[in-house]
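> Below: one structure in structure tokens.
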Amino acid sequence: WSQQVFQNTIHTVIAGVVSTWWFVPEDASSCCSVAIKDSFVRATTSSFGSICFGSLLVAIIQTLRAMVENARNDGDNNGCEAFLLCLVDCLLSCLEDALEYFNKFAYIYVGMYGYSYIEAGKNVINLFKQRGWTIIIADNLISNVLTLFAFIIGMLTGCVGLVMNEIEKSWFEDYGGAASAFGFAFLIGIVISMITLSVVDSSVNTVLVCFAEAPAEFEQNYPELSSEMRDAWREVYPAECGF
């Protein structure tokens, strides 16, 4: 639960900053702008309950999955019980993925307007239904691309760990040698890169919501970027974008 709360708080803060950049550029003109302070304060005070509530739902499902997996690993299950446990595990896995995906866009509205969790979810779903962009959400591959980048970075840092092990073998000789050196460096690299790249993921999803809700404000504040984005969306999604 704590990990979910921390992750969703960062996501909500980024959504608030990006939406401020979209609607009020002068308030998000630098790394020390008022948008960052206001978004952080809102996410950790008035919107913190919504963040905790959505995170709790995911944590409950994860706990149930862990209980089911422990039961599946019990060798006393007969064929029927094993089948039912496998089915429940599959359903919980699908529910967990769906809820995490729902949260990703719901927290954007929480960060943008300070809505409650339920109200934010309803608004973002209605927005994309009205725009007819549900297919575009399903086709949003940015998370997969960023995960691949994080894995590549982890592999590269793992190689750095191997080099360090060759330079000074005494550092890892008590922990398994080269394998532990690679694993330790890989873990550090992938964790840091995932945290860093999550900023990009949150920013892209916020831009997607803002572009669906307020294209006119984007055109007014950033006419060149708006023109490029409209042209790109017309080319890829001529029927769905509506422009």
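We name chains A, B, ... following the order of the structure tokens; residues begin at 1 in each chain, and ligands are numbered from 1 as shown.
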Residues near stretch 3-16 of chain A, anyone? I mean within 6 Å using only C-alpha atoms, not counting same-chain ones fewer than 2 positions away, as a list of chain:residue names.
A:Trp1, A:Val18, A:Ser19, A:Ser39, A:Phe40, A:Cys52, A:Ser55, A:Tyr107, A:Ile108, A:Gly111, A:Met112, A:Ser202, A:Thr206
> Write out as a list in words which residues come within 10 Å of A:Val204 when counting only C-alpha atoms, dropping same-chain ones fewer than 6 positions away.
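Answer for this query is Ala15, Val18, Asn140, Ile142, Ser143, Ser198 and Cys210 of chain A.
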> Emit the selected residues as an mmCIF file, in the first residue's frame, including N, CA and C atoms.

data_model
loop_
_atom_site.group_PDB
_atom_site.id
_atom_site.type_symbol
_atom_site.label_atom_id
_atom_site.label_comp_id
_atom_site.auth_asym_id
_atom_site.auth_seq_id
_atom_site.Cartn_x
_atom_site.Cartn_y
_atom_site.Cartn_z
ATOM 1 N N ALA A 15 0.819 15.307 -12.851
ATOM 2 C CA ALA A 15 -0.389 15.672 -13.589
ATOM 3 C C ALA A 15 -0.780 17.121 -13.319
ATOM 4 N N VAL A 18 1.848 19.438 -15.191
ATOM 5 C CA VAL A 18 1.678 19.438 -16.647
ATOM 6 C C VAL A 18 0.390 20.156 -17.045
ATOM 7 N N ASN A 140 -2.143 3.014 -26.329
ATOM 8 C CA ASN A 140 -1.077 3.826 -25.772
ATOM 9 C C ASN A 140 0.050 2.921 -25.280
ATOM 10 N N ILE A 142 3.219 3.800 -24.499
ATOM 11 C CA ILE A 142 4.347 4.506 -23.905
ATOM 12 C C ILE A 142 4.883 3.766 -22.687
ATOM 13 N N SER A 143 4.003 3.162 -21.887
ATOM 14 C CA SER A 143 4.459 2.455 -20.687
ATOM 15 C C SER A 143 5.338 1.265 -21.054
ATOM 16 N N SER A 198 9.069 7.218 -14.924
ATOM 17 C CA SER A 198 7.655 7.356 -14.571
ATOM 18 C C SER A 198 7.189 8.799 -14.740
ATOM 19 N N CYS A 210 -5.389 16.210 -21.438
ATOM 20 C CA CYS A 210 -5.543 17.642 -21.715
ATOM 21 C C CYS A 210 -5.870 17.895 -23.184
#
> What is the distance between atom CA of A:Lys37 and atom CA of A:Thr196, in Å to one decimal?
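Going from atom CA of A:Lys37 over to atom CA of A:Thr196 covers 19.2 Å.
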> Mind the document's chain letters and residue numbers, and return as number ranges by chain the residues of stretch 17-243 of chain A that DSSP labels helix (DSSP H, G or I).
A: 17-23, 25-28, 34-44, 48-73, 79-113, 117-131, 134-138, 142-167, 169-171, 173-175, 178-213, 215-221, 223-236
> List the spatial neighbours of A:Arg65 as a list in words - criterion: any atom at most 12 Å away, only C-alpha atoms, same-chain residues fewer than 4 positions off excluded.
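My list of contacting residues is Val58, Ala59, Ile60, Ile61, Glu69, Asn70, Ala71, Arg72, Leu85, Cys86, Leu87, Val88, Asp89, Cys90, Leu91, Leu92, Ser93, Cys94, Leu95 and Glu96 of chain A.
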> Can you pull out every residue within 7 Å of A:Gly158, counting only C-alpha atoms, but drop anything in the same chain fewer than 4 positions away, and send it as a VMD selection string?
chain A and resid 154 162 182 to 183 185 to 186
> Skipping near chain neighbours, those fewer than 3 positions away, what residues fall within 12 Å of A:Asn221 using only C-alpha atoms, listed as a list in words?
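Neighbouring residues, sequence-local ones excluded: Thr20, Trp21, Trp22, Phe23, Val24, Pro25, Glu26, Ala214, Pro215, Ala216, Glu217, Phe218, Glu224, Leu225, Ser226 and Ser227 of chain A.
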> Now that the selection is made, can you save its residues with N, CA, C and O atoms as a compact mmCIF listing (two decimals), in the first residue's frame?

# COMPACT_ATOMS: atom_id res chain seq x y z
N THR A 20 -1.04 22.56 -15.43
CA THR A 20 -0.79 23.99 -15.25
C THR A 20 -0.01 24.55 -16.44
O THR A 20 -0.31 25.64 -16.94
N TRP A 21 1.00 23.80 -16.89
CA TRP A 21 1.75 24.20 -18.09
C TRP A 21 0.84 24.30 -19.30
O TRP A 21 1.01 25.17 -20.15
N TRP A 22 -0.17 23.46 -19.36
CA TRP A 22 -1.09 23.44 -20.50
C TRP A 22 -2.01 24.66 -20.48
O TRP A 22 -2.21 25.31 -21.51
N PHE A 23 -2.58 24.95 -19.31
CA PHE A 23 -3.59 25.99 -19.22
C PHE A 23 -3.01 27.37 -18.85
O PHE A 23 -3.49 28.39 -19.34
N VAL A 24 -2.01 27.39 -17.97
CA VAL A 24 -1.44 28.65 -17.49
C VAL A 24 0.08 28.57 -17.60
O VAL A 24 0.77 28.31 -16.60
N PRO A 25 0.66 28.76 -18.78
CA PRO A 25 2.09 28.54 -18.99
C PRO A 25 2.99 29.36 -18.08
O PRO A 25 4.04 28.90 -17.65
N GLU A 26 2.56 30.57 -17.76
CA GLU A 26 3.42 31.44 -16.94
C GLU A 26 3.60 30.92 -15.52
O GLU A 26 4.57 31.29 -14.84
N ALA A 214 -9.12 19.92 -23.73
CA ALA A 214 -8.92 21.36 -24.00
C ALA A 214 -7.94 21.60 -25.14
O ALA A 214 -6.89 22.20 -24.93
N PRO A 215 -8.26 21.18 -26.36
CA PRO A 215 -7.36 21.45 -27.49
C PRO A 215 -7.27 22.93 -27.83
O PRO A 215 -6.25 23.40 -28.33
N ALA A 216 -8.33 23.68 -27.53
CA ALA A 216 -8.33 25.11 -27.85
C ALA A 216 -7.29 25.86 -27.02
O ALA A 216 -6.61 26.76 -27.52
N GLU A 217 -7.17 25.51 -25.74
CA GLU A 217 -6.18 26.17 -24.88
C GLU A 217 -4.77 25.86 -25.35
O GLU A 217 -3.88 26.71 -25.29
N PHE A 218 -4.56 24.64 -25.82
CA PHE A 218 -3.24 24.27 -26.35
C PHE A 218 -2.92 25.07 -27.61
O PHE A 218 -1.80 25.54 -27.80
N GLU A 224 2.36 26.37 -32.41
CA GLU A 224 3.21 25.52 -33.24
C GLU A 224 3.13 24.06 -32.79
O GLU A 224 2.99 23.14 -33.61
N LEU A 225 3.24 23.83 -31.48
CA LEU A 225 3.13 22.47 -30.96
C LEU A 225 1.75 21.88 -31.23
O LEU A 225 1.62 20.70 -31.58
N SER A 226 0.72 22.71 -31.11
CA SER A 226 -0.63 22.24 -31.36
C SER A 226 -0.81 21.81 -32.81
O SER A 226 -1.41 20.78 -33.10
N SER A 227 -0.26 22.59 -33.72
CA SER A 227 -0.36 22.25 -35.15
C SER A 227 0.34 20.94 -35.45
O SER A 227 -0.20 20.08 -36.17
> Nearest to A:Ser193 among A:Thr157, A:Ser170, A:Asn165, A:Ser33, with distances taken over only C-alpha atoms: which residue is it?
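Of the candidates, the smallest distance to A:Ser193 is held by A:Thr157.
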> I want to know what sits within 12 Å of A:Met229, based on only C-alpha atoms, with residues of the same chain fewer than 6 positions away left out; could you give that as JSON, numbers by chain?
{"A": [207, 208, 211, 212, 215, 218, 219, 222, 223, 235, 236, 237, 241, 243]}
> With C-alpha atoms retained, export the selected residues as a compact mmCIF listing (two decimals), in the first residue's frame.

# COMPACT_ATOMS: atom_id res chain seq x y z
CA VAL A 207 -1.02 15.54 -22.17
CA LEU A 208 -3.37 12.92 -23.65
CA PHE A 211 -5.49 17.31 -25.49
CA ALA A 212 -8.82 15.49 -25.39
CA PRO A 215 -7.36 21.45 -27.49
CA PHE A 218 -3.24 24.27 -26.35
CA GLU A 219 -3.76 26.02 -29.68
CA TYR A 222 1.38 26.76 -28.01
CA PRO A 223 0.19 27.19 -31.62
CA GLU A 235 -2.33 10.97 -39.81
CA VAL A 236 -2.42 8.10 -37.32
CA TYR A 237 -6.05 8.31 -36.12
CA CYS A 241 -9.31 12.25 -33.28
CA PHE A 243 -10.07 17.31 -35.63
> Ranking A:Thr63, A:Gly176, A:Phe151, A:Ala181 by minimum distance to A:Val163 and counting only C-alpha atoms, which one comes first?
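Looking at the shortest contact to A:Val163, the residue is A:Ala181.
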> Considering only C-alpha atoms, return as a PDB file with N, CA, C and O atoms, in the first residue's frame whatever protein or nucleic-acid residues lie within 7 Å of stretch 114-126 of chain A, sequence-local ones (same chain, fewer than 5 positions apart) excluded.

ATOM      1  N   SER A  47      -6.085  16.181  -1.691  1.00  0.00           N
ATOM      2  CA  SER A  47      -6.273  15.030  -2.590  1.00  0.00           C
ATOM      3  C   SER A  47      -5.647  13.748  -2.059  1.00  0.00           C
ATOM      4  O   SER A  47      -5.731  12.702  -2.724  1.00  0.00           O
ATOM      5  N   SER A  50      -8.027  10.694  -1.658  1.00  0.00           N
ATOM      6  CA  SER A  50      -8.346  10.021  -2.917  1.00  0.00           C
ATOM      7  C   SER A  50      -7.208   9.122  -3.353  1.00  0.00           C
ATOM      8  O   SER A  50      -7.424   8.006  -3.842  1.00  0.00           O
ATOM      9  N   GLY A  54      -7.672   4.918  -3.727  1.00  0.00           N
ATOM     10  CA  GLY A  54      -7.387   4.144  -4.934  1.00  0.00           C
ATOM     11  C   GLY A  54      -6.234   3.185  -4.732  1.00  0.00           C
ATOM     12  O   GLY A  54      -6.256   2.044  -5.234  1.00  0.00           O
ATOM     13  N   PHE A 105      -5.347   7.149 -15.146  1.00  0.00           N
ATOM     14  CA  PHE A 105      -6.043   8.287 -15.740  1.00  0.00           C
ATOM     15  C   PHE A 105      -6.914   9.015 -14.722  1.00  0.00           C
ATOM     16  O   PHE A 105      -7.098  10.225 -14.816  1.00  0.00           O
ATOM     17  N   ALA A 106      -7.441   8.299 -13.736  1.00  0.00           N
ATOM     18  CA  ALA A 106      -8.255   8.959 -12.714  1.00  0.00           C
ATOM     19  C   ALA A 106      -7.423   9.955 -11.915  1.00  0.00           C
ATOM     20  O   ALA A 106      -7.873  11.071 -11.614  1.00  0.00           O
ATOM     21  N   TYR A 109      -7.039  13.509 -13.326  1.00  0.00           N
ATOM     22  CA  TYR A 109      -8.091  14.461 -12.979  1.00  0.00           C
ATOM     23  C   TYR A 109      -7.976  14.906 -11.528  1.00  0.00           C
ATOM     24  O   TYR A 109      -8.290  16.054 -11.196  1.00  0.00           O
TER      25      TYR A 109
END
